[in-house]
$ cat input21.cif   # mmCIF, C-alpha atoms
data_coords
loop_
_atom_site.group_PDB
_atom_site.id
_atom_site.type_symbol
_atom_site.label_atom_id
_atom_site.label_comp_id
_atom_site.auth_asym_id
_atom_site.auth_seq_id
_atom_site.Cartn_x
_atom_site.Cartn_y
_atom_site.Cartn_z
ATOM 1 C CA MET A 10 -11.540 15.275 -26.191
ATOM 2 C CA ILE A 11 -9.563 13.388 -23.587
ATOM 3 C CA LYS A 12 -6.816 15.995 -23.616
ATOM 4 C CA GLU A 13 -9.173 18.871 -22.801
ATOM 5 C CA GLN A 14 -10.925 16.894 -20.044
ATOM 6 C CA TRP A 15 -7.595 16.130 -18.431
ATOM 7 C CA ILE A 16 -6.380 19.731 -18.593
ATOM 8 C CA SER A 17 -9.634 20.943 -17.010
ATOM 9 C CA PHE A 18 -9.319 18.435 -14.167
ATOM 10 C CA ILE A 19 -5.681 19.340 -13.473
ATOM 11 C CA HIS A 20 -6.433 23.072 -13.287
ATOM 12 C CA GLN A 21 -9.443 22.535 -10.996
ATOM 13 C CA LEU A 22 -7.371 20.290 -8.716
ATOM 14 C CA GLN A 23 -4.728 23.008 -8.499
ATOM 15 C CA ASP A 24 -7.350 25.577 -7.475
ATOM 16 C CA ASP A 25 -8.902 23.329 -4.816
ATOM 17 C CA ILE A 26 -5.608 22.207 -3.273
ATOM 18 C CA CYS A 27 -4.327 25.792 -3.081
ATOM 19 C CA THR A 28 -7.544 26.873 -1.345
ATOM 20 C CA ALA A 29 -7.219 24.081 1.236
ATOM 21 C CA LEU A 30 -3.556 24.856 1.936
ATOM 22 C CA GLU A 31 -4.170 28.601 2.292
ATOM 23 C CA LYS A 32 -6.944 27.889 4.771
ATOM 24 C CA THR A 33 -4.779 25.679 6.981
ATOM 25 C CA ASP A 34 -1.902 28.176 6.898
ATOM 26 C CA GLY A 35 -4.112 31.115 7.806
ATOM 27 C CA LYS A 36 -1.715 33.843 6.675
ATOM 28 C CA ALA A 37 0.210 33.251 3.481
ATOM 29 C CA LYS A 38 -1.334 33.222 0.019
ATOM 30 C CA PHE A 39 -0.185 31.566 -3.183
ATOM 31 C CA GLN A 40 1.374 33.820 -5.788
ATOM 32 C CA GLU A 41 0.809 32.749 -9.392
ATOM 33 C CA ASP A 42 3.426 32.966 -12.107
ATOM 34 C CA LYS A 43 2.163 32.084 -15.580
ATOM 35 C CA TRP A 44 4.850 31.103 -18.059
ATOM 36 C CA ASP A 45 5.197 30.101 -21.684
ATOM 37 C CA ARG A 46 7.484 27.466 -23.132
ATOM 38 C CA PRO A 47 9.038 28.585 -26.454
ATOM 39 C CA GLU A 48 8.764 25.091 -27.972
ATOM 40 C CA GLY A 49 5.081 24.813 -27.070
ATOM 41 C CA GLY A 50 2.754 25.193 -24.117
ATOM 42 C CA GLY A 51 3.291 26.675 -20.683
ATOM 43 C CA GLY A 52 2.089 26.485 -17.136
ATOM 44 C CA ARG A 53 0.847 28.051 -13.915
ATOM 45 C CA THR A 54 3.393 28.000 -11.114
ATOM 46 C CA ARG A 55 1.910 28.856 -7.713
ATOM 47 C CA VAL A 56 4.245 29.371 -4.786
ATOM 48 C CA ILE A 57 3.642 30.085 -1.116
ATOM 49 C CA SER A 58 6.269 31.100 1.450
ATOM 50 C CA ASN A 59 6.868 32.492 4.923
ATOM 51 C CA GLY A 60 3.470 31.467 6.199
ATOM 52 C CA ASP A 61 2.461 30.646 9.740
ATOM 53 C CA VAL A 62 2.579 26.954 8.784
ATOM 54 C CA LEU A 63 4.071 26.660 5.307
ATOM 55 C CA GLU A 64 7.700 27.720 5.034
ATOM 56 C CA LYS A 65 7.853 27.067 1.298
ATOM 57 C CA GLY A 66 5.608 25.299 -1.145
ATOM 58 C CA GLY A 67 4.546 25.109 -4.727
ATOM 59 C CA VAL A 68 1.530 23.741 -6.550
ATOM 60 C CA ASN A 69 2.365 23.721 -10.245
ATOM 61 C CA THR A 70 0.499 22.781 -13.391
ATOM 62 C CA SER A 71 1.959 22.509 -16.857
ATOM 63 C CA VAL A 72 0.570 21.856 -20.316
ATOM 64 C CA VAL A 73 3.514 21.327 -22.654
ATOM 65 C CA TYR A 74 4.022 19.820 -26.090
ATOM 66 C CA GLY A 75 6.406 19.722 -29.019
ATOM 67 C CA GLU A 76 8.246 17.551 -31.487
ATOM 68 C CA VAL A 77 10.223 14.564 -30.270
ATOM 69 C CA THR A 78 13.917 15.517 -30.267
ATOM 70 C CA ASP A 79 16.967 13.316 -30.720
ATOM 71 C CA LEU A 80 17.773 13.937 -27.055
ATOM 72 C CA MET A 81 14.361 12.632 -26.009
ATOM 73 C CA ARG A 82 14.841 9.546 -28.197
ATOM 74 C CA THR A 83 18.219 8.686 -26.699
ATOM 75 C CA GLN A 84 17.789 9.837 -23.103
ATOM 76 C CA LEU A 85 14.071 9.214 -22.514
ATOM 77 C CA LYS A 86 13.506 6.378 -25.036
ATOM 78 C CA ILE A 87 10.533 8.217 -26.579
ATOM 79 C CA ASN A 88 9.924 7.417 -30.251
ATOM 80 C CA GLY A 89 7.342 9.260 -32.268
ATOM 81 C CA HIS A 90 6.816 12.532 -34.120
ATOM 82 C CA SER A 91 5.374 14.778 -31.403
ATOM 83 C CA TRP A 92 4.259 14.634 -27.785
ATOM 84 C CA PHE A 93 1.995 16.226 -25.181
ATOM 85 C CA ALA A 94 2.238 16.203 -21.395
ATOM 86 C CA CYS A 95 -0.012 17.754 -18.764
ATOM 87 C CA GLY A 96 0.156 17.368 -15.031
ATOM 88 C CA LEU A 97 0.106 18.772 -11.545
ATOM 89 C CA SER A 98 3.099 18.607 -9.247
ATOM 90 C CA LEU A 99 3.315 19.914 -5.706
ATOM 91 C CA VAL A 100 5.760 19.932 -2.831
ATOM 92 C CA ILE A 101 5.007 21.461 0.571
ATOM 93 C CA HIS A 102 7.757 22.182 3.131
ATOM 94 C CA PRO A 103 6.242 23.211 6.492
ATOM 95 C CA CYS A 104 8.013 25.310 9.108
ATOM 96 C CA ASN A 105 7.345 22.962 12.015
ATOM 97 C CA PRO A 106 9.565 19.836 12.036
ATOM 98 C CA PHE A 107 6.634 17.829 13.423
ATOM 99 C CA VAL A 108 4.593 18.517 10.279
ATOM 100 C CA PRO A 109 5.730 16.313 7.377
ATOM 101 C CA THR A 110 6.817 17.452 3.964
ATOM 102 C CA VAL A 111 4.567 16.095 1.233
ATOM 103 C CA HIS A 112 4.847 15.544 -2.516
ATOM 104 C CA CYS A 113 2.089 14.903 -5.043
ATOM 105 C CA ASN A 114 2.086 14.445 -8.822
ATOM 106 C CA TYR A 115 -0.531 13.383 -11.381
ATOM 107 C CA ARG A 116 0.094 13.487 -15.137
ATOM 108 C CA MET A 117 -0.882 12.239 -18.582
ATOM 109 C CA PHE A 118 1.444 11.816 -21.557
ATOM 110 C CA GLU A 119 0.483 11.381 -25.215
ATOM 111 C CA LEU A 120 2.653 10.498 -28.213
ATOM 112 C CA TYR A 121 1.622 11.175 -31.837
ATOM 113 C CA ASP A 122 2.652 10.112 -35.318
ATOM 114 C CA GLU A 123 3.173 12.424 -38.293
ATOM 115 C CA THR A 124 -0.584 12.660 -38.892
ATOM 116 C CA GLY A 125 -1.309 13.724 -35.311
ATOM 117 C CA SER A 126 -2.892 10.399 -34.362
ATOM 118 C CA VAL A 127 -2.305 9.134 -30.824
ATOM 119 C CA ILE A 128 0.124 6.185 -30.895
ATOM 120 C CA ASP A 129 0.724 5.990 -27.142
ATOM 121 C CA ARG A 130 -0.886 7.343 -23.989
ATOM 122 C CA TRP A 131 -0.050 6.711 -20.357
ATOM 123 C CA PHE A 132 -0.910 7.968 -16.896
ATOM 124 C CA GLY A 133 1.253 8.319 -13.831
ATOM 125 C CA GLY A 134 1.156 9.832 -10.401
ATOM 126 C CA GLY A 135 1.103 9.370 -6.685
ATOM 127 C CA THR A 136 1.420 11.090 -3.337
ATOM 128 C CA ASP A 137 4.050 10.412 -0.692
ATOM 129 C CA LEU A 138 4.798 11.600 2.843
ATOM 130 C CA THR A 139 8.184 12.670 4.224
ATOM 131 C CA PRO A 140 8.014 13.140 8.006
ATOM 132 C CA TYR A 141 10.922 14.301 10.134
ATOM 133 C CA TYR A 142 9.576 12.600 13.240
ATOM 134 C CA LEU A 143 7.674 9.335 13.363
ATOM 135 C CA PHE A 144 4.052 9.623 14.482
ATOM 136 C CA GLU A 145 2.670 6.260 13.483
ATOM 137 C CA GLU A 146 -0.963 7.399 13.670
ATOM 138 C CA ASP A 147 -0.218 10.115 11.076
ATOM 139 C CA VAL A 148 1.476 7.683 8.703
ATOM 140 C CA LYS A 149 -1.342 5.153 9.120
ATOM 141 C CA HIS A 150 -3.961 7.824 8.403
ATOM 142 C CA PHE A 151 -2.098 8.875 5.268
ATOM 143 C CA HIS A 152 -1.750 5.321 3.959
ATOM 144 C CA GLN A 153 -5.323 4.380 4.886
ATOM 145 C CA THR A 154 -6.647 7.319 2.892
ATOM 146 C CA TYR A 155 -4.831 6.113 -0.214
ATOM 147 C CA LYS A 156 -5.778 2.489 0.342
ATOM 148 C CA ASP A 157 -9.418 3.569 0.495
ATOM 149 C CA ALA A 158 -8.961 5.555 -2.726
ATOM 150 C CA CYS A 159 -7.260 2.651 -4.514
ATOM 151 C CA ASP A 160 -9.770 0.072 -3.298
ATOM 152 C CA GLN A 161 -12.557 1.909 -5.114
ATOM 153 C CA PHE A 162 -10.904 0.791 -8.367
ATOM 154 C CA ASP A 163 -8.871 -2.377 -7.745
ATOM 155 C CA SER A 164 -7.834 -4.080 -4.498
ATOM 156 C CA TYR A 165 -4.543 -4.904 -6.206
ATOM 157 C CA PHE A 166 -3.627 -1.219 -6.604
ATOM 158 C CA TYR A 167 -2.705 -0.167 -3.067
ATOM 159 C CA PRO A 168 -0.217 -2.973 -2.266
ATOM 160 C CA THR A 169 1.271 -2.688 -5.753
ATOM 161 C CA PHE A 170 1.567 1.094 -5.876
ATOM 162 C CA LYS A 171 2.690 1.265 -2.237
ATOM 163 C CA HIS A 172 5.563 -1.086 -3.098
ATOM 164 C CA GLU A 173 6.365 0.962 -6.207
ATOM 165 C CA CYS A 174 6.561 4.074 -4.023
ATOM 166 C CA ASP A 175 8.875 2.385 -1.525
ATOM 167 C CA GLU A 176 11.166 1.317 -4.370
ATOM 168 C CA TYR A 177 11.149 4.614 -6.271
ATOM 169 C CA PHE A 178 11.840 7.357 -3.724
ATOM 170 C CA VAL A 179 15.160 5.844 -2.683
ATOM 171 C CA ASN A 180 18.608 7.347 -2.237
ATOM 172 C CA TRP A 181 20.351 4.242 -3.538
ATOM 173 C CA HIS A 182 23.745 5.814 -2.841
ATOM 174 C CA ARG A 183 22.888 5.983 0.890
ATOM 175 C CA ASN A 184 22.384 2.324 1.700
ATOM 176 C CA LYS A 185 18.930 2.292 0.052
ATOM 177 C CA GLU A 186 17.642 4.962 2.411
ATOM 178 C CA ARG A 187 14.091 5.988 1.490
ATOM 179 C CA ARG A 188 13.283 9.665 1.113
ATOM 180 C CA GLY A 189 10.272 9.287 3.379
ATOM 181 C CA LEU A 190 7.610 6.854 4.514
ATOM 182 C CA GLY A 191 5.875 6.279 1.239
ATOM 183 C CA GLY A 192 2.371 6.435 -0.102
ATOM 184 C CA ILE A 193 1.491 5.368 -3.636
ATOM 185 C CA PHE A 194 3.317 5.729 -6.939
ATOM 186 C CA TYR A 195 2.365 4.495 -10.397
ATOM 187 C CA ASP A 196 3.743 5.176 -13.856
ATOM 188 C CA TYR A 197 3.306 4.160 -17.509
ATOM 189 C CA GLN A 198 -0.270 2.958 -16.964
ATOM 190 C CA ARG A 199 -1.693 2.507 -20.453
ATOM 191 C CA PRO A 200 -5.451 2.150 -21.044
ATOM 192 C CA ASP A 201 -6.617 -1.250 -22.273
ATOM 193 C CA GLU A 202 -9.837 -3.219 -22.759
ATOM 194 C CA THR A 203 -10.455 -3.699 -19.036
ATOM 195 C CA LYS A 204 -9.188 -0.338 -17.769
ATOM 196 C CA ASP A 205 -9.904 2.307 -20.384
ATOM 197 C CA VAL A 206 -8.832 5.938 -20.514
ATOM 198 C CA HIS A 207 -11.811 7.061 -18.412
ATOM 199 C CA PHE A 208 -10.900 4.510 -15.739
ATOM 200 C CA TRP A 209 -7.413 5.999 -15.369
ATOM 201 C CA MET A 210 -8.738 9.557 -15.435
ATOM 202 C CA ASP A 211 -11.247 8.760 -12.695
ATOM 203 C CA PHE A 212 -8.535 7.037 -10.659
ATOM 204 C CA ALA A 213 -6.320 10.123 -10.887
ATOM 205 C CA LYS A 214 -9.212 12.341 -9.799
ATOM 206 C CA VAL A 215 -9.965 10.287 -6.681
ATOM 207 C CA CYS A 216 -6.283 10.056 -5.745
ATOM 208 C CA GLY A 217 -5.694 13.728 -6.534
ATOM 209 C CA TYR A 218 -8.454 14.869 -4.188
ATOM 210 C CA ALA A 219 -7.388 12.316 -1.564
ATOM 211 C CA PHE A 220 -4.386 14.600 -1.057
ATOM 212 C CA ILE A 221 -6.591 17.059 0.828
ATOM 213 C CA GLU A 222 -8.094 14.488 3.211
ATOM 214 C CA SER A 223 -4.797 12.666 3.711
ATOM 215 C CA TYR A 224 -2.560 15.653 4.473
ATOM 216 C CA ILE A 225 -4.584 18.584 5.828
ATOM 217 C CA PRO A 226 -5.667 16.714 9.022
ATOM 218 C CA ILE A 227 -1.989 15.976 9.794
ATOM 219 C CA ILE A 228 -1.137 19.665 9.458
ATOM 220 C CA GLU A 229 -4.015 20.601 11.753
ATOM 221 C CA LYS A 230 -2.906 18.084 14.371
ATOM 222 C CA ARG A 231 0.791 19.087 14.443
ATOM 223 C CA LYS A 232 1.100 22.715 13.349
ATOM 224 C CA HIS A 233 1.005 24.196 16.861
ATOM 225 C CA SER A 234 3.505 21.711 18.377
ATOM 226 C CA ASN A 235 6.409 23.284 20.212
ATOM 227 C CA PHE A 236 9.820 22.486 18.737
ATOM 228 C CA SER A 237 13.454 23.155 19.621
ATOM 229 C CA PRO A 238 16.466 24.322 17.576
ATOM 230 C CA GLU A 239 17.614 20.684 17.690
ATOM 231 C CA ASN A 240 14.359 19.578 16.050
ATOM 232 C CA LYS A 241 14.851 22.193 13.319
ATOM 233 C CA TYR A 242 18.460 21.068 12.833
ATOM 234 C CA TRP A 243 17.319 17.487 12.218
ATOM 235 C CA GLN A 244 14.639 18.698 9.803
ATOM 236 C CA GLU A 245 17.347 20.400 7.745
ATOM 237 C CA ILE A 246 19.518 17.277 7.760
ATOM 238 C CA ARG A 247 16.602 15.268 6.373
ATOM 239 C CA ARG A 248 15.810 18.005 3.877
ATOM 240 C CA GLY A 249 19.309 17.437 2.551
ATOM 241 C CA ARG A 250 18.341 13.856 1.749
ATOM 242 C CA TYR A 251 15.225 15.158 -0.003
ATOM 243 C CA THR A 252 17.388 17.449 -2.119
ATOM 244 C CA GLU A 253 19.754 14.617 -3.014
ATOM 245 C CA PHE A 254 16.949 12.428 -4.326
ATOM 246 C CA ASN A 255 15.347 15.179 -6.378
ATOM 247 C CA LEU A 256 18.609 16.198 -8.037
ATOM 248 C CA VAL A 257 20.142 12.750 -8.533
ATOM 249 C CA HIS A 258 17.325 10.271 -9.136
ATOM 250 C CA ASP A 259 13.941 11.898 -9.803
ATOM 251 C CA ARG A 260 12.592 11.127 -13.296
ATOM 252 C CA GLY A 261 10.405 14.231 -13.305
ATOM 253 C CA THR A 262 13.421 16.473 -12.754
ATOM 254 C CA ILE A 263 15.334 14.665 -15.490
ATOM 255 C CA PHE A 264 12.385 14.911 -17.923
ATOM 256 C CA GLY A 265 12.051 18.639 -17.265
ATOM 257 C CA LEU A 266 15.743 19.268 -17.875
ATOM 258 C CA LYS A 267 15.862 17.113 -21.029
ATOM 259 C CA THR A 268 12.823 18.855 -22.555
ATOM 260 C CA ASN A 269 14.043 22.395 -21.833
ATOM 261 C CA GLY A 270 11.532 22.857 -19.033
ATOM 262 C CA ARG A 271 11.273 25.960 -16.899
ATOM 263 C CA ILE A 272 14.069 25.696 -14.341
ATOM 264 C CA GLU A 273 12.297 27.700 -11.600
ATOM 265 C CA SER A 274 9.351 25.300 -11.760
ATOM 266 C CA ILE A 275 11.555 22.199 -11.901
ATOM 267 C CA LEU A 276 13.581 23.212 -8.842
ATOM 268 C CA MET A 277 10.533 24.511 -6.947
ATOM 269 C CA SER A 278 10.559 21.186 -5.059
ATOM 270 C CA LEU A 279 13.782 21.971 -3.223
ATOM 271 C CA PRO A 280 13.499 22.977 0.460
ATOM 272 C CA PRO A 281 14.413 26.525 1.524
ATOM 273 C CA THR A 282 17.147 25.553 4.008
ATOM 274 C CA VAL A 283 19.164 22.331 4.213
ATOM 275 C CA ARG A 284 22.224 20.906 5.977
ATOM 276 C CA PHE A 285 24.877 18.625 4.584
ATOM 277 C CA ASP A 286 26.887 17.744 7.687
ATOM 278 C CA TYR A 287 29.701 15.286 7.115
ATOM 279 C CA ASN A 288 28.651 11.746 8.094
ATOM 280 C CA TYR A 289 25.875 12.941 10.397
ATOM 281 C CA GLN A 290 24.410 10.103 12.481
ATOM 282 C CA PRO A 291 21.557 10.468 14.976
ATOM 283 C CA GLN A 292 22.031 8.962 18.421
ATOM 284 C CA GLU A 293 20.854 5.363 18.555
ATOM 285 C CA GLY A 294 17.465 5.060 20.225
ATOM 286 C CA SER A 295 16.585 8.744 19.745
ATOM 287 C CA GLU A 296 13.433 9.932 17.993
ATOM 288 C CA GLU A 297 15.581 10.986 15.064
ATOM 289 C CA TRP A 298 17.127 7.498 14.890
ATOM 290 C CA LYS A 299 13.659 5.918 14.902
ATOM 291 C CA LEU A 300 12.665 7.979 11.867
ATOM 292 C CA LEU A 301 15.854 6.974 10.067
ATOM 293 C CA GLN A 302 15.193 3.272 10.731
ATOM 294 C CA ALA A 303 11.718 3.643 9.236
ATOM 295 C CA CYS A 304 13.314 5.137 6.106
ATOM 296 C CA LEU A 305 15.879 2.339 5.862
ATOM 297 C CA TYR A 306 13.410 -0.499 6.369
ATOM 298 C CA PRO A 307 9.996 0.122 4.752
ATOM 299 C CA LYS A 308 7.076 -1.530 6.510
ATOM 300 C CA GLU A 309 3.384 -2.104 6.060
ATOM 301 C CA TRP A 310 1.556 0.675 7.894
ATOM 302 C CA ILE A 311 -1.945 -0.745 7.614
#
$ encode --input "input21.cif" --output "structure tokens"
Amino acid sequence: MIKEQWISFIHQLQDDICTALEKTDGKAKFQEDKWDRPEGGGGRTRVISNGDVLEKGGVNTSVVYGEVTDLMRTQLKINGHSWFACGLSLVIHPCNPFVPTVHCNYRMFELYDETGSVIDRWFGGGTDLTPYYLFEEDVKHFHQTYKDACDQFDSYFYPTFKHECDEYFVNWHRNKERRGLGGIFYDYQRPDETKDVHFWMDFAKVCGYAFIESYIPIIEKRKHSNFSPENKYWQEIRRGRYTEFNLVHDRGTIFGLKTNGRIESILMSLPPTVRFDYNYQPQEGSEEWKLLQACLYPKEWI
């Protein structure tokens, strides 16, 4: 069954990503917390903290299901009898301000009628980079990796999903300031005659494993860079913007809260330390200012 194939892939991806991240950190190990959801399903939350490289991170999988509630109908516009959702979601917050934060999510959703027949199925996901300092070669490497992944399936995908990413991870209340420097993002992709369910599963697999080749080399390049208290201060200012987006705009956070998700797993994405200084503005022309401009005005990196 499609459902079982997807669950198997998501759990294997979790194992392989955790192994790669532990290797690049060199000290810290992921701790697993298995949990059950009273309404149906559960998940495997894996967290890492206080490493030589990774200050805080989580690589979570969940397999959840239940009946469609009135709240889901009104708030999430989901109409049907019951539903199923399975996905992987990760956020990594490194110690070093010269190593970017990264987010990754791949998921499948199914909707059923009273007989248990599938009446809707869609895929979503993506991976995006949130640097604190602008190293163009790092951003280009990240985007090139995902362009190469997308091009294996459709040359239309990368420019389309790159634009979707730029227009999704946005703090609209801060002059359309982007959370980071993008990547790819896609949602509500339903199988059809030309791109069937196996097409979208294969696409998610290639993009899911592209996380390792897109991000680990950046960690390796930057993790031993010397940094100052001022660099760390700026990192925490930008982490505040990350927090704002996740709490105000993120659909995944909203879905988790509306479906009585596990709060520790939902808020795992938040950074360990942040700053909310009143009207903080970096000095014009500084490295911090250059990063902010890149967040305000998305560009084509490749």
$ closest_residue --input "input21.cif" --among "A:Thr54, A:Thr78, A:Asn59, A:Asn184" --to "Pro103 (chain A)" --atoms "all atoms listed in the file"
A:Asn59
$ resolve_selection --input "input21.cif" --expression "the PyMOL selection byres ((chain A and resi 172) around 10)" --output "ChimeraX atom specification"
/A:166-171,173-177,191-195,307-309
$ residues_around --input "input21.cif" --residues "Pro140 (chain A)" --least-positions-apart "3" --cutoff "12 Å" --atoms "all atoms listed in the file" --output "PyMOL selection string"
chain A and resi 101-103+105-112+137+143-145+147-148+151+187-192+224+227-228+231+243-245+247-248+251+296-297+299-301+303-304
$ resolve_selection --input "input21.cif" --expression "the PyMOL selection byres ((chain A and resi 91) around 12)" --output "NGL selection string"
:A and (48-49 or 73-79 or 81-82 or 87-90 or 92-94 or 118-129)
$ resolve_selection --input "input21.cif" --expression "the PyMOL selection byres ((chain A and resi 53) around 7)" --output "ChimeraX atom specification"
/A:41-44,52,54-55,69-71
$ closest_residue --input "input21.cif" --among "A:Val56, A:Gly96, A:Gln84, A:Tyr142" --to "Phe236 (chain A)" --atoms "all atoms listed in the file"
A:Tyr142
$ residues_around --input "input21.cif" --residues "Phe212 (chain A)" --least-positions-apart "2" --cutoff "9 Å" --atoms "all atoms listed in the file" --output "ChimeraX atom specification"
/A:158-159,161-162,207-210,214-217
$ residues_around --input "input21.cif" --residues "Arg260 (chain A)" --least-positions-apart "2" --cutoff "12 Å" --atoms "all atoms listed in the file" --output "CSV table (one decimal) with C-alpha atoms, keeping the file's coordinate frame"
chain,number,residue,atom,x,y,z
A,84,GLN,CA,17.8,9.8,-23.1
A,85,LEU,CA,14.1,9.2,-22.5
A,114,ASN,CA,2.1,14.4,-8.8
A,133,GLY,CA,1.3,8.3,-13.8
A,134,GLY,CA,1.2,9.8,-10.4
A,177,TYR,CA,11.1,4.6,-6.3
A,178,PHE,CA,11.8,7.4,-3.7
A,196,ASP,CA,3.7,5.2,-13.9
A,254,PHE,CA,16.9,12.4,-4.3
A,255,ASN,CA,15.3,15.2,-6.4
A,256,LEU,CA,18.6,16.2,-8.0
A,257,VAL,CA,20.1,12.8,-8.5
A,258,HIS,CA,17.3,10.3,-9.1
A,262,THR,CA,13.4,16.5,-12.8
A,263,ILE,CA,15.3,14.7,-15.5
A,264,PHE,CA,12.4,14.9,-17.9
A,265,GLY,CA,12.1,18.6,-17.3
A,266,LEU,CA,15.7,19.3,-17.9
A,267,LYS,CA,15.9,17.1,-21.0
A,275,ILE,CA,11.6,22.2,-11.9
$ decode --input "input21.cif" --residues "region 157-171 of chain A" --atoms "C-alpha atoms" --output "PDB file, in the first residue's frame"
ATOM      1  CA  ASP A 157      19.704  19.271  -9.698  1.00  0.00           C
ATOM      2  CA  ALA A 158      17.196  17.240  -7.671  1.00  0.00           C
ATOM      3  CA  CYS A 159      14.199  18.982  -9.255  1.00  0.00           C
ATOM      4  CA  ASP A 160      15.587  18.761 -12.784  1.00  0.00           C
ATOM      5  CA  GLN A 161      15.550  14.967 -12.575  1.00  0.00           C
ATOM      6  CA  PHE A 162      11.741  15.201 -12.608  1.00  0.00           C
ATOM      7  CA  ASP A 163      10.675  18.443 -14.315  1.00  0.00           C
ATOM      8  CA  SER A 164      12.695  21.506 -15.338  1.00  0.00           C
ATOM      9  CA  TYR A 165       9.686  23.591 -14.326  1.00  0.00           C
ATOM     10  CA  PHE A 166       9.930  22.488 -10.678  1.00  0.00           C
ATOM     11  CA  TYR A 167      12.965  24.390  -9.398  1.00  0.00           C
ATOM     12  CA  PRO A 168      11.972  27.904 -10.566  1.00  0.00           C
ATOM     13  CA  THR A 169       8.384  27.286  -9.470  1.00  0.00           C
ATOM     14  CA  PHE A 170       9.139  25.794  -6.063  1.00  0.00           C
ATOM     15  CA  LYS A 171      11.958  28.285  -5.441  1.00  0.00           C
TER      16      LYS A 171
END
